[in-house]
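**Q** Submitted below is the structure of interest, expressed as structure tokens.
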Amino acid sequence: MKKILVPTDFSKLSDNALNYAIQLANLTGAELLLLHAYLTPAFTEDSPLISPQQYLQEEALDNLEKLKQSIEKSNPDLKISYAAIDGIPADVITFYSKKQHIDLLVIGAQGVGYLQERILGSTASNLIRKTEIPVMVIDKHVKFRIPEKIVLAVDFSETNNDIVLKPLKQLAATFKSHICILNIFTEAQTIPTFGEIAESFKLEKSLKHTYHTFFEIEHPDVVTGINDFVKKHQIDLVTIISRKHSLIGRIFREPISKVMTFHSLAPLLILHQ
């Protein structure tokens with residue numbers, strides 16, 4: 001992992017995600033990039049001295065520089081850069097991530113119990129569904145812990161493990177983590193198909209150099225089943241592969257409040273097929 005990007009709006013919510021990313025960057029040797037996306041009002045009258053776009057950019061860059069200096073006081077060896085870009089936040093973050101070859105996005109989450117727009121906000125929701133870059137979601141109450149125990153929720157759908165699981169395997173190698181491969185099945189799915197068996201062998205082969213254990217749990221609801229496992233085994237990080245046509249993929253078609261019930265218990269790492 002070489003580059004970690006943290007989008008920030010300078011709120012306490014994004015500050016908590018930033019604090020998590022700082023610890024992660026320190027321990028992995030990654031560069032930390034800060035990004036603020038601002039949106040110039042569509043209908044404004046330019047000042048004779050400075051345009052609204054220029055004012056917003058200068059204000060953002062000033063705040064980013066202050067934030068950078070604050071981080072450097074207690075993290076002098078951490079490499080930090082920043083940018084402020086005009087545009088719709090989700091589009092800006094996606095564009096900048098590709099341009100900078102970002103390895104991990106770290107974003108803040110408000111927690112359950114709010115309206116959909118207030119849980120992650122439209123920016124984070126769009127990122128989770130659209131980006132191809134791994135996204136780590138940090139709840140406002142989550143503090144950094146070394147990920148000694150990581151859940152990988154699977155349903156043994158066909159996966160390009162060597163590519164999709166690379167970020168997870170890098171984390172596990174860095175922290176000597178135990179990956180708990182968790183399959184949630186319903187009563188109607190007790191007999192695995194030939195394809196599922198084949199995928200389980202492929203997954204075993206892909207993780208052969210990583211400390212891992214397979215777990216199976218019968219539960220009618222995937223989210224609740226994973227949540228119960230997280231609490232019972234004191235999991236430090238939950239990992240899900242986002243895709244359209246799979247049991248786990250259905251999570252991302254659920255109401256966002258249900259999708260994100262993990263993140264108040266542990267960070268959520270979303271990988272993309």
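Ordering of the structure tokens sets the chain letters (A, B, ...), residue numbers begin anew at 1 in every chain, and ligands are numbered from 1 in the order given.
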Hey, which bits of stretch 126-174 of chain A sit within 7 Å of stretch 99-104 of chain A, and for each residue what's the closest pair of atoms and how far apart in Å (one decimal), counting only C-alpha atoms, rows by chain and increasing number, as CSV?

**A**
```
residue,atom,partner,partner_atom,distance
A:Ile133,CA,A:Leu104,CA,6.4
A:Pro134,CA,A:Leu104,CA,5.2
A:Val135,CA,A:Leu104,CA,6.0
```

**Q** Any chance you can output those residues with C-alpha atoms as a PDB file, in the first residue's frame?

**A**
```pdb
ATOM      1  CA  ILE A 133     -10.676   1.565  -5.618  1.00  0.00           C
ATOM      2  CA  PRO A 134     -10.916  -0.142  -2.199  1.00  0.00           C
ATOM      3  CA  VAL A 135     -12.908   1.979   0.254  1.00  0.00           C
TER       4      VAL A 135
END
```

**Q** With distances taken over only C-alpha atoms, which residue among A:Ser242, A:Ser177, A:Ser97, A:Thr131 lies nearest A:Glu148?

**A**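 That would be A:Ser177, the residue with the smallest distance to A:Glu148.
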
**Q** Of the candidates A:Val164, A:Val223, A:Leu18, A:Val137, which one gets nearest to A:Pro267 if we count only C-alpha atoms?

**A**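 Among the listed residues, A:Val137 lies closest to A:Pro267.
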
**Q** Per residue of stretch 50-76 of chain A within 8 Å of stretch 31-40 of chain A, record the nearest atom pair and its distance in Å to one decimal, counting only C-alpha atoms, with rows in chain order and ascending residue number, as JSON lines.

**A**
```
{"residue": "A:Pro52", "atom": "CA", "partner": "A:Thr40", "partner_atom": "CA", "distance": 6.6}
{"residue": "A:Gln53", "atom": "CA", "partner": "A:Thr40", "partner_atom": "CA", "distance": 5.5}
{"residue": "A:Leu56", "atom": "CA", "partner": "A:Tyr38", "partner_atom": "CA", "distance": 7.1}
{"residue": "A:Gln57", "atom": "CA", "partner": "A:Tyr38", "partner_atom": "CA", "distance": 7.6}
{"residue": "A:Ala60", "atom": "CA", "partner": "A:His36", "partner_atom": "CA", "distance": 6.9}
{"residue": "A:Leu64", "atom": "CA", "partner": "A:Leu34", "partner_atom": "CA", "distance": 7.5}
```

**Q** So which residues touch A:Tyr211 within 10 Å, counting only C-alpha atoms, skipping near sequence neighbours fewer than 4 positions away, as number ranges by chain?

**A** A: 169, 172-173, 176-180, 207

**Q** How would the residues just chosen look if you wrote them out with N, CA and C atoms as an mmCIF file, in the first residue's frame?

**A**
```cif
data_model
loop_
_atom_site.group_PDB
_atom_site.id
_atom_site.type_symbol
_atom_site.label_atom_id
_atom_site.label_comp_id
_atom_site.auth_asym_id
_atom_site.auth_seq_id
_atom_site.Cartn_x
_atom_site.Cartn_y
_atom_site.Cartn_z
ATOM 1 N N LYS A 169 -4.850 -8.948 1.369
ATOM 2 C CA LYS A 169 -3.675 -9.775 1.643
ATOM 3 C C LYS A 169 -2.488 -8.910 2.070
ATOM 4 N N ALA A 172 -3.158 -7.982 5.700
ATOM 5 C CA ALA A 172 -2.953 -9.152 6.547
ATOM 6 C C ALA A 172 -1.465 -9.461 6.709
ATOM 7 N N ALA A 173 -0.693 -9.301 5.646
ATOM 8 C CA ALA A 173 0.745 -9.548 5.727
ATOM 9 C C ALA A 173 1.432 -8.516 6.620
ATOM 10 N N LYS A 176 0.054 -9.230 10.240
ATOM 11 C CA LYS A 176 -0.013 -10.645 10.647
ATOM 12 C C LYS A 176 -1.418 -11.000 11.140
ATOM 13 N N SER A 177 -2.383 -10.609 10.347
ATOM 14 C CA SER A 177 -3.790 -10.756 10.720
ATOM 15 C C SER A 177 -4.300 -12.170 10.490
ATOM 16 N N HIS A 178 -5.345 -12.499 11.225
ATOM 17 C CA HIS A 178 -6.089 -13.743 11.024
ATOM 18 C C HIS A 178 -7.324 -13.408 10.199
ATOM 19 N N ILE A 179 -7.431 -13.948 9.001
ATOM 20 C CA ILE A 179 -8.596 -13.697 8.154
ATOM 21 C C ILE A 179 -9.641 -14.777 8.417
ATOM 22 N N CYS A 180 -10.797 -14.340 8.855
ATOM 23 C CA CYS A 180 -11.922 -15.251 9.100
ATOM 24 C C CYS A 180 -12.820 -15.221 7.875
ATOM 25 N N LEU A 207 -5.245 -17.763 -0.645
ATOM 26 C CA LEU A 207 -4.866 -17.323 0.703
ATOM 27 C C LEU A 207 -3.919 -18.300 1.393
#
```

**Q** Would you pick out the contacts of A:Phe201 at 12 Å or less, using only C-alpha atoms, so that residues sharing its chain but fewer than 2 positions from it are not included, and give the list as a list in words?

**A** Phe156, Ser157, Glu158, Thr159, Asn161, Phe194, Gly195, Glu196, Ile197, Ala198, Glu199, Leu203, Glu204, Lys205, Ser206, Leu207, Lys208 and Phe214 of chain A

**Q** Pull N, CA and C atoms from the residues just selected and write them as a PDB file, in the first residue's frame.

**A**
```
ATOM      1  N   PHE A 156     -18.916 -17.373  -2.138  1.00  0.00           N
ATOM      2  CA  PHE A 156     -18.283 -18.263  -3.105  1.00  0.00           C
ATOM      3  C   PHE A 156     -18.791 -18.043  -4.525  1.00  0.00           C
ATOM      4  N   SER A 157     -19.115 -16.769  -4.833  1.00  0.00           N
ATOM      5  CA  SER A 157     -19.354 -16.411  -6.229  1.00  0.00           C
ATOM      6  C   SER A 157     -18.007 -16.332  -6.938  1.00  0.00           C
ATOM      7  N   GLU A 158     -18.031 -16.438  -8.249  1.00  0.00           N
ATOM      8  CA  GLU A 158     -16.779 -16.416  -9.008  1.00  0.00           C
ATOM      9  C   GLU A 158     -16.050 -15.100  -8.803  1.00  0.00           C
ATOM     10  N   THR A 159     -14.772 -15.173  -8.433  1.00  0.00           N
ATOM     11  CA  THR A 159     -13.991 -13.994  -8.092  1.00  0.00           C
ATOM     12  C   THR A 159     -12.575 -14.126  -8.628  1.00  0.00           C
ATOM     13  N   ASN A 161      -9.569 -13.692  -7.482  1.00  0.00           N
ATOM     14  CA  ASN A 161      -8.991 -13.496  -6.155  1.00  0.00           C
ATOM     15  C   ASN A 161      -7.653 -12.777  -6.171  1.00  0.00           C
ATOM     16  N   PHE A 194     -21.676 -27.172  -7.134  1.00  0.00           N
ATOM     17  CA  PHE A 194     -20.331 -27.529  -7.608  1.00  0.00           C
ATOM     18  C   PHE A 194     -19.486 -26.268  -7.802  1.00  0.00           C
ATOM     19  N   GLY A 195     -20.120 -25.228  -8.346  1.00  0.00           N
ATOM     20  CA  GLY A 195     -19.399 -23.977  -8.566  1.00  0.00           C
ATOM     21  C   GLY A 195     -18.918 -23.354  -7.270  1.00  0.00           C
ATOM     22  N   GLU A 196     -19.744 -23.393  -6.229  1.00  0.00           N
ATOM     23  CA  GLU A 196     -19.366 -22.835  -4.936  1.00  0.00           C
ATOM     24  C   GLU A 196     -18.202 -23.612  -4.319  1.00  0.00           C
ATOM     25  N   ILE A 197     -18.233 -24.935  -4.470  1.00  0.00           N
ATOM     26  CA  ILE A 197     -17.137 -25.758  -3.960  1.00  0.00           C
ATOM     27  C   ILE A 197     -15.835 -25.419  -4.686  1.00  0.00           C
ATOM     28  N   ALA A 198     -15.934 -25.263  -5.996  1.00  0.00           N
ATOM     29  CA  ALA A 198     -14.748 -24.920  -6.793  1.00  0.00           C
ATOM     30  C   ALA A 198     -14.185 -23.566  -6.373  1.00  0.00           C
ATOM     31  N   GLU A 199     -15.078 -22.584  -6.126  1.00  0.00           N
ATOM     32  CA  GLU A 199     -14.627 -21.257  -5.708  1.00  0.00           C
ATOM     33  C   GLU A 199     -13.992 -21.295  -4.325  1.00  0.00           C
ATOM     34  N   LEU A 203     -10.298 -19.958  -3.449  1.00  0.00           N
ATOM     35  CA  LEU A 203     -10.035 -18.996  -2.382  1.00  0.00           C
ATOM     36  C   LEU A 203      -8.976 -19.534  -1.421  1.00  0.00           C
ATOM     37  N   GLU A 204      -9.094 -20.813  -1.091  1.00  0.00           N
ATOM     38  CA  GLU A 204      -8.105 -21.455  -0.228  1.00  0.00           C
ATOM     39  C   GLU A 204      -6.709 -21.351  -0.840  1.00  0.00           C
ATOM     40  N   LYS A 205      -6.609 -21.580  -2.121  1.00  0.00           N
ATOM     41  CA  LYS A 205      -5.326 -21.505  -2.811  1.00  0.00           C
ATOM     42  C   LYS A 205      -4.779 -20.082  -2.805  1.00  0.00           C
ATOM     43  N   SER A 206      -5.660 -19.106  -3.030  1.00  0.00           N
ATOM     44  CA  SER A 206      -5.242 -17.709  -3.079  1.00  0.00           C
ATOM     45  C   SER A 206      -4.711 -17.225  -1.735  1.00  0.00           C
ATOM     46  N   LEU A 207      -5.245 -17.763  -0.645  1.00  0.00           N
ATOM     47  CA  LEU A 207      -4.866 -17.323   0.703  1.00  0.00           C
ATOM     48  C   LEU A 207      -3.919 -18.300   1.393  1.00  0.00           C
ATOM     49  N   LYS A 208      -3.264 -19.156   0.621  1.00  0.00           N
ATOM     50  CA  LYS A 208      -2.466 -20.224   1.229  1.00  0.00           C
ATOM     51  C   LYS A 208      -1.297 -19.694   2.059  1.00  0.00           C
ATOM     52  N   PHE A 214     -11.912 -20.915   7.794  1.00  0.00           N
ATOM     53  CA  PHE A 214     -13.246 -20.855   7.200  1.00  0.00           C
ATOM     54  C   PHE A 214     -14.311 -21.019   8.287  1.00  0.00           C
TER      55      PHE A 214
END
```

**Q** For stretch 129-226 of chain A versus stretch 12-17 of chain A, which residues have an atom no more than 12 Å away, and what is each residue's nearest atom pair and distance in Å rounded to one decimal, using only C-alpha atoms, chain-then-number order, as a tab-separated table?

**A**
```
residue	atom	partner	partner_atom	distance
A:Val135	CA	A:Ala17	CA	11.7
A:Met136	CA	A:Ala17	CA	9.0
A:Val137	CA	A:Ala17	CA	7.8
A:Ile138	CA	A:Ala17	CA	5.5
A:Asp139	CA	A:Ala17	CA	7.6
A:Lys140	CA	A:Leu13	CA	5.7
A:His141	CA	A:Asn16	CA	8.1
A:Val142	CA	A:Asn16	CA	7.9
A:Lys143	CA	A:Asn16	CA	7.7
A:Phe144	CA	A:Ala17	CA	9.3
```

**Q** Can you check which residues of stretch 136-170 of chain A DSSP gives as alpha helix (DSSP H) on the backbone and send them as a VMD selection string?

**A** chain A and resid 161 to 164 166 to 170

**Q** Calculate how many Å separate atom CA of A:Leu268 from atom CA of A:Val238, rounding to one decimal.

**A**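 Calculated distance between atom CA of A:Leu268 and atom CA of A:Val238 is 4.9 Å.
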
**Q** What's the 9 Å shell around A:Leu182, counting only C-alpha atoms, without same-chain residues fewer than 3 positions away, as a list in words?

**A**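 Selected residues are Val151, Leu152, Ala153, Val154, Asp155, Thr213, Phe214, Phe215, Glu216, Ile217, Ile226 and Phe229 of chain A.
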
**Q** Apply DSSP to the backbone of this structure and, from stretch 14-189 of chain A, keep only the residues in strand (DSSP E or B); write these as a PyMOL selection string.

**A** chain A and resi 31-38+80-86+104-109+135-139+149-154+178-185

**Q** Between atom CA of A:Leu165 and atom CA of A:Leu105, what distance in Å does the model show, to one decimal?

**A**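 Separating atom CA of A:Leu165 from atom CA of A:Leu105 is a distance of 15.6 Å.
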
**Q** Using only C-alpha atoms, which residue out of A:Ala83, A:Leu78, A:Ile146, A:Ala90 lies closest to A:Glu65?

**A** A:Ala83

**Q** Can you work out which one of A:Lys3, A:Ile184, A:Asn63, A:Asn160 has the shortest atom-to-atom distance to A:Lys98, counting only C-alpha atoms?

**A** A:Lys3

**Q** Kindly indicate which residue among A:Val106, A:Ile163, A:Ile93, A:Leu67 lies nearest to A:Ile80, using only C-alpha atoms for the distances.

**A**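 Looking only at the distances to A:Ile80, the closest residue turns out to be A:Leu67.
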